[in-house]
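Text of run24.txt, listed as compact mmCIF, C-alpha atoms:
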# COMPACT_ATOMS: atom_id res chain seq x y z
CA MET A 1 -31.69 3.35 16.71
CA ILE A 2 -30.42 -0.17 17.16
CA GLU A 3 -29.12 -0.20 13.59
CA PHE A 4 -26.94 2.85 14.28
CA MET A 5 -25.41 1.23 17.36
CA ARG A 6 -24.81 -1.95 15.41
CA GLU A 7 -23.08 0.12 12.73
CA ALA A 8 -20.80 1.73 15.33
CA ILE A 9 -19.94 -1.69 16.77
CA ALA A 10 -19.32 -3.20 13.33
CA LEU A 11 -17.12 -0.27 12.32
CA ALA A 12 -15.06 -0.67 15.50
CA VAL A 13 -14.54 -4.38 14.95
CA LYS A 14 -13.79 -4.08 11.22
CA LYS A 15 -11.19 -1.34 11.57
CA MET A 16 -9.58 -2.96 14.62
CA ARG A 17 -9.22 -6.22 12.69
CA GLN A 18 -7.68 -4.28 9.81
CA GLY A 19 -5.04 -2.93 12.20
CA GLN A 20 -6.21 0.66 11.92
CA GLY A 21 -6.66 1.37 15.62
CA GLY A 22 -8.36 0.39 18.83
CA PRO A 23 -11.80 -1.22 19.16
CA PHE A 24 -13.94 1.91 18.98
CA GLY A 25 -16.50 3.18 16.47
CA ALA A 26 -18.91 6.10 16.37
CA VAL A 27 -21.82 7.15 14.16
CA ILE A 28 -23.47 10.58 14.21
CA VAL A 29 -27.09 10.78 13.11
CA ARG A 30 -29.36 13.69 12.24
CA HIS A 31 -33.02 13.17 11.33
CA GLY A 32 -32.43 9.45 10.83
CA GLU A 33 -29.48 9.95 8.45
CA VAL A 34 -25.85 9.14 9.21
CA ILE A 35 -23.83 12.33 8.71
CA GLY A 36 -20.56 11.24 10.30
CA ARG A 37 -18.67 8.05 10.97
CA GLY A 38 -15.47 7.51 12.87
CA TYR A 39 -13.28 4.75 14.11
CA ASN A 40 -10.26 4.83 16.35
CA ARG A 41 -7.15 5.79 14.37
CA VAL A 42 -4.78 6.53 17.23
CA THR A 43 -2.08 3.97 16.49
CA PHE A 44 -2.65 3.99 12.73
CA THR A 45 -2.06 7.76 12.42
CA ASN A 46 0.11 8.31 15.53
CA ASP A 47 -2.47 10.84 16.72
CA PRO A 48 -3.62 10.45 20.34
CA THR A 49 -6.69 12.59 19.59
CA ALA A 50 -7.91 10.39 16.71
CA HIS A 51 -10.62 8.71 18.76
CA ALA A 52 -13.72 7.45 16.97
CA GLU A 53 -15.93 10.22 18.37
CA ILE A 54 -13.50 12.99 17.39
CA VAL A 55 -13.15 11.59 13.86
CA ALA A 56 -16.94 11.31 13.51
CA ILE A 57 -17.49 14.84 14.87
CA ARG A 58 -14.96 16.27 12.41
CA GLU A 59 -16.61 14.46 9.50
CA ALA A 60 -20.13 15.55 10.50
CA CYS A 61 -19.08 19.18 11.05
CA THR A 62 -17.33 19.26 7.68
CA ARG A 63 -20.38 17.77 5.99
CA LEU A 64 -22.75 20.28 7.60
CA GLY A 65 -20.36 23.24 7.33
CA ASP A 66 -20.95 24.05 11.00
CA PHE A 67 -19.08 23.52 14.25
CA ARG A 68 -22.36 22.81 16.01
CA LEU A 69 -24.12 19.47 15.67
CA THR A 70 -27.30 20.64 17.34
CA GLY A 71 -30.07 18.10 16.96
CA CYS A 72 -27.67 15.25 16.21
CA ASP A 73 -27.22 12.04 18.20
CA ILE A 74 -24.05 10.01 18.55
CA TYR A 75 -23.88 6.23 18.78
CA ILE A 76 -20.66 4.87 20.27
CA ASN A 77 -19.73 1.28 20.99
CA CYS A 78 -18.18 2.39 24.31
CA GLU A 79 -18.84 5.19 26.80
CA PRO A 80 -16.77 8.20 25.72
CA CYS A 81 -13.49 9.06 27.38
CA PRO A 82 -13.24 12.52 28.99
CA MET A 83 -11.71 14.09 25.84
CA CYS A 84 -14.48 12.76 23.64
CA LEU A 85 -17.18 13.62 26.15
CA ALA A 86 -15.94 17.21 26.16
CA ALA A 87 -15.92 17.30 22.34
CA ILE A 88 -19.48 15.97 22.29
CA TYR A 89 -20.54 18.79 24.60
CA TRP A 90 -18.62 21.41 22.58
CA ALA A 91 -20.33 20.15 19.42
CA ASP A 92 -23.75 20.49 21.11
CA ILE A 93 -24.79 16.92 20.29
CA ALA A 94 -28.27 16.22 21.64
CA LYS A 95 -27.94 12.65 22.91
CA ILE A 96 -25.27 10.02 23.52
CA TYR A 97 -26.02 6.35 23.01
CA TYR A 98 -23.27 3.95 24.11
CA ALA A 99 -22.87 0.19 24.51
CA ALA A 100 -19.90 -0.83 26.72
CA ASP A 101 -19.13 1.41 29.69
CA ARG A 102 -15.97 2.92 31.18
CA GLN A 103 -15.40 -0.08 33.45
CA ASP A 104 -15.53 -2.37 30.43
CA ALA A 105 -12.90 -0.15 28.79
CA ALA A 106 -10.74 -0.25 31.92
CA ASP A 107 -11.04 -4.04 32.06
CA SER A 108 -9.68 -4.09 28.49
CA GLY A 109 -6.67 -1.96 29.42
CA PHE A 110 -7.84 1.57 28.58
CA ALA A 111 -7.10 4.43 31.01
CA ASP A 112 -10.41 6.30 30.83
CA ALA A 113 -11.21 5.76 34.52
CA GLU A 114 -7.82 7.16 35.55
CA ILE A 115 -8.39 10.30 33.49
CA TYR A 116 -11.90 10.75 34.91
CA MET A 117 -10.32 10.67 38.39
CA GLU A 118 -7.55 13.08 37.37
CA ILE A 119 -10.08 15.67 36.22
CA GLY A 120 -11.49 15.82 39.74
CA SER A 121 -8.07 16.52 41.24
CA ARG A 122 -6.50 19.93 41.71
CA PRO A 123 -4.20 20.72 38.75
CA GLU A 124 -1.05 20.67 40.86
CA GLU A 125 -1.98 17.26 42.35
CA ARG A 126 -2.45 15.41 39.06
CA ARG A 127 -0.08 12.77 37.76
CA ILE A 128 0.98 15.31 35.14
CA PRO A 129 1.30 18.48 37.23
CA ALA A 130 0.00 21.74 35.83
CA VAL A 131 1.80 24.97 36.66
CA GLN A 132 -0.05 28.25 36.16
CA MET A 133 2.00 31.16 34.87
CA LEU A 134 1.58 34.60 33.22
CA ARG A 135 -2.12 34.71 34.06
CA ILE A 136 -2.34 38.52 34.03
CA GLU A 137 -0.77 38.68 30.55
CA ALA A 138 -3.08 35.97 29.27
CA LEU A 139 -6.17 37.76 30.56
CA ALA A 140 -5.66 40.47 27.92
CA ALA A 141 -6.76 38.07 25.15
CA LEU A 142 -9.86 37.09 27.14
CA ARG A 143 -10.77 40.72 27.78
CA GLU A 144 -10.35 41.52 24.11
CA TRP A 145 -12.56 38.55 23.19
CA ARG A 146 -15.28 39.73 25.57
CA MET A 147 -15.30 43.13 23.86
CA LYS A 148 -15.04 41.83 20.27
CA ALA A 149 -18.17 42.95 18.43
CA ASP A 150 -17.99 40.44 15.59
CA LYS A 151 -17.20 37.31 17.60
CA ILE A 152 -19.00 34.04 17.01
CA ASP A 153 -19.99 32.61 20.37
CA TYR A 154 -19.39 28.93 20.95
Could you write out this file's structure as C-alpha cells?
Amino acid sequence: MIEFMREAIALAVKKMRQGQGGPFGAVIVRHGEVIGRGYNRVTFTNDPTAHAEIVAIREACTRLGDFRLTGCDIYINCEPCPMCLAAIYWADIAKIYYAADRQDAADSGFADAEIYMEIGSRPEERRIPAVQMLRIEALAALREWRMKADKIDY
C-alpha cells in the first residue's frame, strides 16, 4: 500500500517539475496491480477537468473496458476535490487513500474548500448562480429513461 502512495506522490512531483500541471498524482490499483495512473494536466492541456484522479479513472476504465472500477482502490497524494470525489463514487471505487488533506491544498492556494462550501449552498445562493428552467420539458427524457428496457444502469 505504501508503495502505491509513494508512486502517486512521485508522479505528482515529477510531472509538476516538468511543467505539465499542478502537484497532484493518482494511482488506481486492483488486486495489487496498478491499472491506472494520472497526474494533473489542467494547465498543460487547458482542461479544467484534467485532474489526476479523472485522468487515472479514464485510463483504468479504458484498460478494463468498463465504466465501473468495482474492487479497485485509488491512491492520491491529496484529498480529492469535489469533482474528483464525485467521479470516484461514480466509478464505484472501493477505497480512497490520500496523503495531504483539503486544508493543505487550501494553504497551497487551491480552492477545494470553497467548492465544498458551495455544494452545501442552495443553487441560487452560490457564487455562480444556477437558474432552473424548462424542468417539465426536461422530465420527458428522464421518464423515457425510466421506461427504457435495454438501459444500462449506472
Need to verify the contact set: Phe24 in chain A, 9 Å, only C-alpha atoms, exclusion of same-chain residues closer than 3 positions in sequence. Can you return it as a VMD selection string? chain A and resid 8 to 9 11 to 13 15 to 16 21 38 to 40 51 to 53 76 to 78
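With all atoms listed in the file as the basis for measurement, A:Asp73 is the residue among A:Asp73, A:Glu3, A:Glu124, A:Asp47 that approaches Ile35 in chain A most closely.
As for CA of Arg102 in chain A and CA of Pro80 in chain A, they are spaced 7.6 Å apart.
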Which one is closest to Tyr154 in chain A: A:Tyr116, A:Phe110, A:Tyr75, A:Trp90? Count all atoms listed in the file. A:Trp90
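Among A:Ile119, A:Met83, A:Ile74, A:Leu134, the residue with the shortest atom-to-atom distance to Glu33 in chain A, counting all atoms listed in the file, is A:Ile74.
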Polymer residues at most 12 Å from Leu64 in chain A, all atoms listed in the file, same-chain spacing of 5 or more positions, as a PDB file with C-alpha atoms, in the coordinates of the input:
ATOM      1  CA  ILE A  28     -23.470  10.580  14.210  1.00  0.00           C
ATOM      2  CA  VAL A  29     -27.090  10.780  13.110  1.00  0.00           C
ATOM      3  CA  ARG A  30     -29.360  13.690  12.240  1.00  0.00           C
ATOM      4  CA  VAL A  34     -25.850   9.140   9.210  1.00  0.00           C
ATOM      5  CA  ILE A  35     -23.830  12.330   8.710  1.00  0.00           C
ATOM      6  CA  GLY A  36     -20.560  11.240  10.300  1.00  0.00           C
ATOM      7  CA  ILE A  57     -17.490  14.840  14.870  1.00  0.00           C
ATOM      8  CA  ARG A  58     -14.960  16.270  12.410  1.00  0.00           C
ATOM      9  CA  GLU A  59     -16.610  14.460   9.500  1.00  0.00           C
ATOM     10  CA  LEU A  69     -24.120  19.470  15.670  1.00  0.00           C
ATOM     11  CA  THR A  70     -27.300  20.640  17.340  1.00  0.00           C
ATOM     12  CA  CYS A  72     -27.670  15.250  16.210  1.00  0.00           C
TER      13      CYS A  72
END
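When all atoms listed in the file are used to compute distances to Tyr89 in chain A, the closest of the residues A:Phe67, A:Asp107, A:Gly120, A:Trp145 turns out to be A:Phe67.
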Could you tell me how far CA of Ile93 in chain A lies from CA of Arg37 in chain A, in Å and to one decimal? 14.2 Å
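Distance-wise, CA of Ala26 in chain A and CA of Lys95 in chain A end up 12.9 Å apart.
When all atoms listed in the file are used to compute distances to Ile152 in chain A, the closest of the residues A:Ala86, A:Asp66, A:Val131, A:Ala138 turns out to be A:Asp66.
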Nearest to Gly19 in chain A by atom-to-atom distance, counting all atoms listed in the file, from A:His31, A:Arg146, A:Arg41, A:Arg6: A:Arg41
Work out where the centre of an axis-aligned box around every listed atom of range 142-152 of chain A lies and how long its edges are once 5 Å is added on each side; give both in Å to one decimal as AutoDock Vina command-line options.
--center_x -14.4 --center_y 38.6 --center_z 21.7 --size_x 19.1 --size_y 19.1 --size_z 22.2
